[in-house]
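Engineer: If you scroll down you'll find the structure; I have some questions about it.
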Amino acid sequence: MEIRHATHPSQVSGFGTADLRGHYLVEDLFPAERPRLVYSHQDRTVVGGVAPSSPVRLESPDPLRSAYFCERRELGVVNVGSPAPVTVDGTAYDLAHGDCLYVGRGAEDVVFGPGGAFYLISAPAHATYPTTLSRLADVTGNRLGGAEGSNDRTIYKHIHADGVLSCQLVLGVTVLEPGSMWNTMPCHTHDRRTEVYLYFDLPEDHRVVHLMGRPDETRNLIVSDRQAVISPSWSVHCGFGTASYAFVWAMAGENQAFDDMDHVAIPSLR
Ligand SMILES: O=C[C@H](O)[C@@H](O)CC(=O)C(=O)O
Ligand SMILES: [Zn+2]
């Protein structure tokens, strides 16, 4: 498991492209043989992925020093591939494209079935909430933005205070309408939570230009399909695609209030 240390915002001033990508971008997230896992010291989140060709078990990497992955953790799984099952302690859940499985603390055996591309996001958990499947088709979306802002999009919340319950994780999927390119503009920070975006359903030859950094000193990352960006609490997180796309957003930290954002006025961006 790769370990990523937390960074101070002042470090970003001296970061070149490779530094930015090495600290904040997660590439090659969907190997077939075993999950790729990245441990981030930003709120101790683990970001991972696997696209199995035959069933793959989630192991507990040595740095966690736990008997099984979810011994002290909760896990969100989102399928960004074809429909496929995830089996938790012998119970199979069928995940269609965009569906989310919340796996509660204490689940010992998690197996990913072939055909899916499973995005994983985990945070430490102090209590056990039930393992629950949230189907994208069953979630009432929240339509935001509009064509005039090139940001006509729908936010589907899977794990949140009024949905599937968790200790820390708040997770959803945002889908842009064809012709809409911008997510999360006007942008924001939330000093109480780390947020991770996984971009998906972006055509192979297209890219998302993701903006990060302090609002008064932004940087950009050029992001391909099925790559993730870790946003420390001090960082904005927004972007525009050269084609429309979807993304999984997931947060962990001090609170779970989705609306607790420090909004950034567009003219104040630098
Ligand atoms: O804190 C919340 C997150 O940044 C996302 O939910 C934003 C988002 O999906 C969007 O505006 O499209
Ligand atoms: Zn946010």
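Residues are referred to by chain and number: the chain letter is A, B, ... according to the order shown in the structure tokens, the number counts from 1 in that chain, and ligands are numbered separately from 1 in the order shown.
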Kindly provide, as a PyMOL selection string, all nucleotide and amino acid residues lying within 10 Å of ligand 1, counting only C-alpha atoms and all ligand atoms.

Structural biologist: chain A and resi 142-145+151-157+170-176+182-190+193-197+231+236-239+246-251+256-262

Engineer: Any chance you can output those residues with N, CA and C atoms as a compact mmCIF listing (two decimals), in the first residue's frame?

Structural biologist:
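Final output, saved to result-v3.txt:
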```txt
# COMPACT_ATOMS: atom_id res chain seq x y z
N ASN A 142 -30.32 15.67 -7.18
CA ASN A 142 -30.48 17.10 -6.93
C ASN A 142 -29.89 17.82 -8.14
N ARG A 143 -30.77 18.37 -8.99
CA ARG A 143 -30.29 19.03 -10.22
C ARG A 143 -29.72 20.39 -9.88
N LEU A 144 -28.53 20.66 -10.33
CA LEU A 144 -27.84 21.92 -10.03
C LEU A 144 -27.31 22.55 -11.30
N GLY A 145 -27.06 23.86 -11.24
CA GLY A 145 -26.44 24.56 -12.36
C GLY A 145 -27.38 24.65 -13.53
N ASN A 151 -22.77 23.91 -16.61
CA ASN A 151 -22.64 23.07 -15.40
C ASN A 151 -23.96 22.44 -14.99
N ASP A 152 -24.74 22.04 -16.01
CA ASP A 152 -26.01 21.36 -15.77
C ASP A 152 -25.68 19.94 -15.29
N ARG A 153 -26.01 19.66 -14.03
CA ARG A 153 -25.55 18.39 -13.46
C ARG A 153 -26.48 17.94 -12.35
N THR A 154 -26.41 16.66 -12.01
CA THR A 154 -27.25 16.09 -10.96
C THR A 154 -26.36 15.45 -9.92
N ILE A 155 -26.61 15.81 -8.64
CA ILE A 155 -25.87 15.24 -7.51
C ILE A 155 -26.72 14.14 -6.87
N TYR A 156 -26.19 12.94 -6.83
CA TYR A 156 -26.86 11.81 -6.18
C TYR A 156 -26.09 11.48 -4.91
N LYS A 157 -26.74 11.63 -3.76
CA LYS A 157 -26.07 11.34 -2.48
C LYS A 157 -26.37 9.90 -2.06
N VAL A 170 -19.06 10.58 3.77
CA VAL A 170 -20.19 11.17 3.04
C VAL A 170 -19.82 10.99 1.58
N LEU A 171 -20.72 10.40 0.78
CA LEU A 171 -20.33 9.98 -0.57
C LEU A 171 -21.50 10.10 -1.53
N GLY A 172 -21.20 10.54 -2.73
CA GLY A 172 -22.21 10.59 -3.78
C GLY A 172 -21.59 10.59 -5.15
N VAL A 173 -22.47 10.66 -6.14
CA VAL A 173 -22.05 10.65 -7.54
C VAL A 173 -22.68 11.87 -8.19
N THR A 174 -21.88 12.61 -8.95
CA THR A 174 -22.41 13.75 -9.71
C THR A 174 -22.25 13.46 -11.19
N VAL A 175 -23.34 13.63 -11.94
CA VAL A 175 -23.36 13.31 -13.37
C VAL A 175 -23.64 14.59 -14.14
N LEU A 176 -22.76 14.93 -15.09
CA LEU A 176 -22.95 16.12 -15.91
C LEU A 176 -23.78 15.78 -17.15
N TRP A 182 -18.43 22.02 -16.43
CA TRP A 182 -17.92 22.49 -15.14
C TRP A 182 -18.56 21.73 -13.98
N ASN A 183 -17.75 21.31 -13.02
CA ASN A 183 -18.29 20.89 -11.73
C ASN A 183 -17.88 21.91 -10.66
N THR A 184 -18.76 22.05 -9.67
CA THR A 184 -18.42 22.73 -8.42
C THR A 184 -17.88 24.15 -8.64
N MET A 185 -18.52 24.89 -9.51
CA MET A 185 -18.13 26.29 -9.73
C MET A 185 -19.38 27.15 -9.59
N PRO A 186 -19.45 28.14 -8.68
CA PRO A 186 -18.42 28.60 -7.76
C PRO A 186 -17.93 27.47 -6.85
N CYS A 187 -16.64 27.51 -6.52
CA CYS A 187 -16.06 26.43 -5.74
C CYS A 187 -16.05 26.77 -4.25
N HIS A 188 -15.49 25.89 -3.46
CA HIS A 188 -15.53 26.04 -2.00
C HIS A 188 -14.38 25.25 -1.38
N THR A 189 -14.19 25.48 -0.11
CA THR A 189 -13.37 24.59 0.71
C THR A 189 -14.26 24.15 1.87
N HIS A 190 -13.78 23.18 2.65
CA HIS A 190 -14.43 22.83 3.93
C HIS A 190 -13.31 22.34 4.83
N ARG A 193 -13.26 18.84 6.46
CA ARG A 193 -13.27 17.55 5.77
C ARG A 193 -12.27 17.52 4.61
N THR A 194 -11.66 16.37 4.44
CA THR A 194 -10.91 16.04 3.22
C THR A 194 -11.91 15.53 2.19
N GLU A 195 -11.70 15.86 0.94
CA GLU A 195 -12.59 15.33 -0.11
C GLU A 195 -11.77 14.71 -1.22
N VAL A 196 -12.27 13.60 -1.75
CA VAL A 196 -11.60 12.92 -2.87
C VAL A 196 -12.59 12.81 -4.02
N TYR A 197 -12.15 13.19 -5.21
CA TYR A 197 -12.97 13.03 -6.42
C TYR A 197 -12.38 11.89 -7.25
N SER A 231 -8.12 16.05 -2.09
CA SER A 231 -8.16 17.48 -1.78
C SER A 231 -8.05 17.69 -0.28
N VAL A 236 -9.37 24.09 -2.75
CA VAL A 236 -10.57 24.04 -3.58
C VAL A 236 -10.53 22.73 -4.37
N HIS A 237 -11.68 22.34 -4.92
CA HIS A 237 -11.75 21.11 -5.72
C HIS A 237 -12.88 21.32 -6.71
N CYS A 238 -12.49 21.59 -7.94
CA CYS A 238 -13.47 21.85 -8.99
C CYS A 238 -12.75 21.62 -10.31
N GLY A 239 -13.50 21.57 -11.38
CA GLY A 239 -12.82 21.32 -12.65
C GLY A 239 -13.75 21.43 -13.83
N ALA A 246 -18.66 12.10 -15.28
CA ALA A 246 -19.26 11.96 -13.96
C ALA A 246 -18.13 11.86 -12.95
N PHE A 247 -18.46 12.02 -11.68
CA PHE A 247 -17.43 11.78 -10.67
C PHE A 247 -18.05 11.33 -9.36
N VAL A 248 -17.27 10.53 -8.64
CA VAL A 248 -17.62 10.15 -7.27
C VAL A 248 -16.95 11.16 -6.36
N TRP A 249 -17.71 11.79 -5.48
CA TRP A 249 -17.10 12.66 -4.46
C TRP A 249 -17.30 11.98 -3.11
N ALA A 250 -16.29 12.05 -2.28
CA ALA A 250 -16.39 11.40 -0.97
C ALA A 250 -15.59 12.22 0.03
N MET A 251 -16.15 12.36 1.20
CA MET A 251 -15.52 13.19 2.23
C MET A 251 -15.41 12.40 3.54
N GLN A 256 -20.31 15.76 9.08
CA GLN A 256 -20.91 15.15 7.89
C GLN A 256 -21.90 16.09 7.20
N ALA A 257 -21.87 17.37 7.58
CA ALA A 257 -22.86 18.31 7.04
C ALA A 257 -22.47 18.70 5.61
N PHE A 258 -23.20 18.19 4.64
CA PHE A 258 -22.87 18.43 3.23
C PHE A 258 -22.81 19.92 2.93
N ASP A 259 -23.73 20.70 3.52
CA ASP A 259 -23.81 22.14 3.21
C ASP A 259 -22.78 22.98 3.96
N ASP A 260 -21.99 22.35 4.81
CA ASP A 260 -20.97 23.11 5.55
C ASP A 260 -19.79 23.37 4.63
N MET A 261 -19.91 24.43 3.85
CA MET A 261 -18.86 24.79 2.88
C MET A 261 -18.48 26.24 3.09
N ASP A 262 -17.22 26.56 2.85
CA ASP A 262 -16.77 27.95 2.82
C ASP A 262 -16.71 28.34 1.35
```

Engineer: Find the spatial neighbours of A:Asn79, counting only C-alpha atoms, within a cut-off of 8 Å - ignore same-chain residues fewer than 2 positions away - and output them as an MDAnalysis selection string.

Structural biologist: chainID A and resid 77 81:84 95:100 116:119

Engineer: Write the selection just made, keeping C-alpha atoms, as a PDB file, in the first residue's frame?

Structural biologist:
```
ATOM      1  CA  VAL A  77     -17.518   0.934  -2.794  1.00  0.00           C
ATOM      2  CA  GLY A  81     -17.710  -0.505 -14.524  1.00  0.00           C
ATOM      3  CA  SER A  82     -20.204  -3.133 -15.690  1.00  0.00           C
ATOM      4  CA  PRO A  83     -22.720  -4.705 -13.272  1.00  0.00           C
ATOM      5  CA  ALA A  84     -20.979  -7.091 -10.861  1.00  0.00           C
ATOM      6  CA  LEU A  95     -23.820  -3.292  -8.036  1.00  0.00           C
ATOM      7  CA  ALA A  96     -24.856  -1.667 -11.305  1.00  0.00           C
ATOM      8  CA  HIS A  97     -22.917   1.251 -12.788  1.00  0.00           C
ATOM      9  CA  GLY A  98     -22.954   4.083 -10.246  1.00  0.00           C
ATOM     10  CA  ASP A  99     -24.312   1.992  -7.382  1.00  0.00           C
ATOM     11  CA  CYS A 100     -22.670   2.234  -3.955  1.00  0.00           C
ATOM     12  CA  GLY A 116     -16.972  -4.464 -12.224  1.00  0.00           C
ATOM     13  CA  ALA A 117     -14.580  -1.581 -11.729  1.00  0.00           C
ATOM     14  CA  PHE A 118     -14.801  -0.961  -8.010  1.00  0.00           C
ATOM     15  CA  TYR A 119     -13.682   2.341  -6.569  1.00  0.00           C
TER      16      TYR A 119
END
```

Engineer: Calculated over only C-alpha atoms, which of the candidates A:Thr91, A:Thr140, A:Thr7, A:Ser166 has the smallest distance to A:Thr128?

Structural biologist: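 Comparing A:Thr91, A:Thr140, A:Thr7, A:Ser166 against A:Thr128, the winner is A:Ser166.
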
Engineer: Write down as a PyMOL selection string the residues of stretch 57-244 of chain A whose backbone DSSP state falls under strand (DSSP E).

Structural biologist: chain A and resi 57+73-79+84-88+91-95+100-103+110-112+118-124+132-134+142-144+153-159+170-176+182-183+188-189+193-200+208-214+217-223+228-231+238-241

Engineer: Considering only C-alpha atoms, return as a CSV table (one decimal) with N, CA and C atoms, in the first residue's frame whatever protein or nucleic-acid residues lie within 9 Å of stretch 202-212 of chain A, sequence-local ones (same chain, fewer than 5 positions apart) excluded.

Structural biologist:
```csv
chain,number,residue,atom,x,y,z
A,181,MET,N,-19.7,21.1,-18.8
A,181,MET,CA,-18.3,20.8,-18.5
A,181,MET,C,-17.8,21.1,-17.1
A,217,GLU,N,-4.3,30.9,-4.5
A,217,GLU,CA,-3.1,30.4,-5.3
A,217,GLU,C,-3.4,29.0,-5.8
A,218,THR,N,-4.2,29.0,-6.9
A,218,THR,CA,-4.7,27.7,-7.4
A,218,THR,C,-3.6,27.1,-8.3
A,219,ARG,N,-3.7,25.8,-8.5
A,219,ARG,CA,-2.9,25.0,-9.4
A,219,ARG,C,-3.9,24.1,-10.2
A,220,ASN,N,-3.4,23.5,-11.3
A,220,ASN,CA,-4.3,22.5,-12.0
A,220,ASN,C,-3.6,21.2,-12.1
A,221,LEU,N,-4.4,20.2,-12.2
A,221,LEU,CA,-4.0,18.8,-12.5
A,221,LEU,C,-4.8,18.4,-13.8
A,222,ILE,N,-4.1,17.8,-14.7
A,222,ILE,CA,-4.8,17.2,-15.9
A,222,ILE,C,-5.1,15.8,-15.6
A,223,VAL,N,-6.4,15.5,-15.6
A,223,VAL,CA,-6.9,14.2,-15.0
A,223,VAL,C,-7.6,13.4,-16.2
A,224,SER,N,-7.2,12.1,-16.2
A,224,SER,CA,-7.8,11.1,-17.2
A,224,SER,C,-9.0,10.4,-16.5
A,225,ASP,N,-9.7,9.7,-17.3
A,225,ASP,CA,-10.8,8.8,-16.9
A,225,ASP,C,-10.3,7.9,-15.8
A,226,ARG,N,-11.1,7.7,-14.7
A,226,ARG,CA,-10.8,6.7,-13.6
A,226,ARG,C,-9.5,7.1,-12.8
A,229,VAL,N,-8.4,12.5,-7.3
A,229,VAL,CA,-7.7,13.6,-6.8
A,229,VAL,C,-8.0,13.8,-5.3
A,231,SER,N,-8.1,16.0,-2.1
A,231,SER,CA,-8.2,17.5,-1.8
A,231,SER,C,-8.1,17.7,-0.3
A,235,SER,N,-7.9,23.0,0.4
A,235,SER,CA,-7.9,23.1,-1.1
A,235,SER,C,-9.3,23.2,-1.7
A,236,VAL,N,-9.4,24.1,-2.7
A,236,VAL,CA,-10.6,24.0,-3.6
A,236,VAL,C,-10.5,22.7,-4.4
A,237,HIS,N,-11.7,22.3,-4.9
A,237,HIS,CA,-11.7,21.1,-5.7
A,237,HIS,C,-12.9,21.3,-6.7
A,238,CYS,N,-12.5,21.6,-7.9
A,238,CYS,CA,-13.5,21.8,-9.0
A,238,CYS,C,-12.8,21.6,-10.3
A,239,GLY,N,-13.5,21.6,-11.4
A,239,GLY,CA,-12.8,21.3,-12.6
A,239,GLY,C,-13.8,21.4,-13.8
A,240,PHE,N,-13.1,21.4,-15.0
A,240,PHE,CA,-13.9,21.4,-16.2
A,240,PHE,C,-13.3,20.3,-17.2
A,241,GLY,N,-14.2,19.7,-17.9
A,241,GLY,CA,-13.8,18.6,-18.8
A,241,GLY,C,-13.7,19.1,-20.2
A,242,THR,N,-13.0,18.4,-21.1
A,242,THR,CA,-13.0,18.7,-22.5
A,242,THR,C,-14.2,17.9,-23.1
A,243,ALA,N,-14.9,17.1,-22.3
A,243,ALA,CA,-16.1,16.5,-22.7
A,243,ALA,C,-16.9,16.3,-21.3
A,244,SER,N,-18.1,15.9,-21.4
A,244,SER,CA,-18.9,15.7,-20.1
A,244,SER,C,-18.4,14.4,-19.5
A,245,TYR,N,-18.7,14.2,-18.2
A,245,TYR,CA,-18.2,13.2,-17.4
A,245,TYR,C,-19.0,13.0,-16.1
A,246,ALA,N,-18.7,12.1,-15.3
A,246,ALA,CA,-19.3,12.0,-14.0
A,246,ALA,C,-18.1,11.9,-12.9
```

Engineer: As a ChimeraX atom specification, please: every residue in stretch 15-249 of chain A that DSSP puts in helix (DSSP H, G or I).

Structural biologist: /A:17-24,62-64,69-71,136-138,147-149

Engineer: Please measure the separation of atom CA of A:Ala137 and atom CA of A:Tyr93, giving the value in Å to one decimal.

Structural biologist: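 Atom CA of A:Tyr93 lies at a distance of 15.1 Å from atom CA of A:Ala137.
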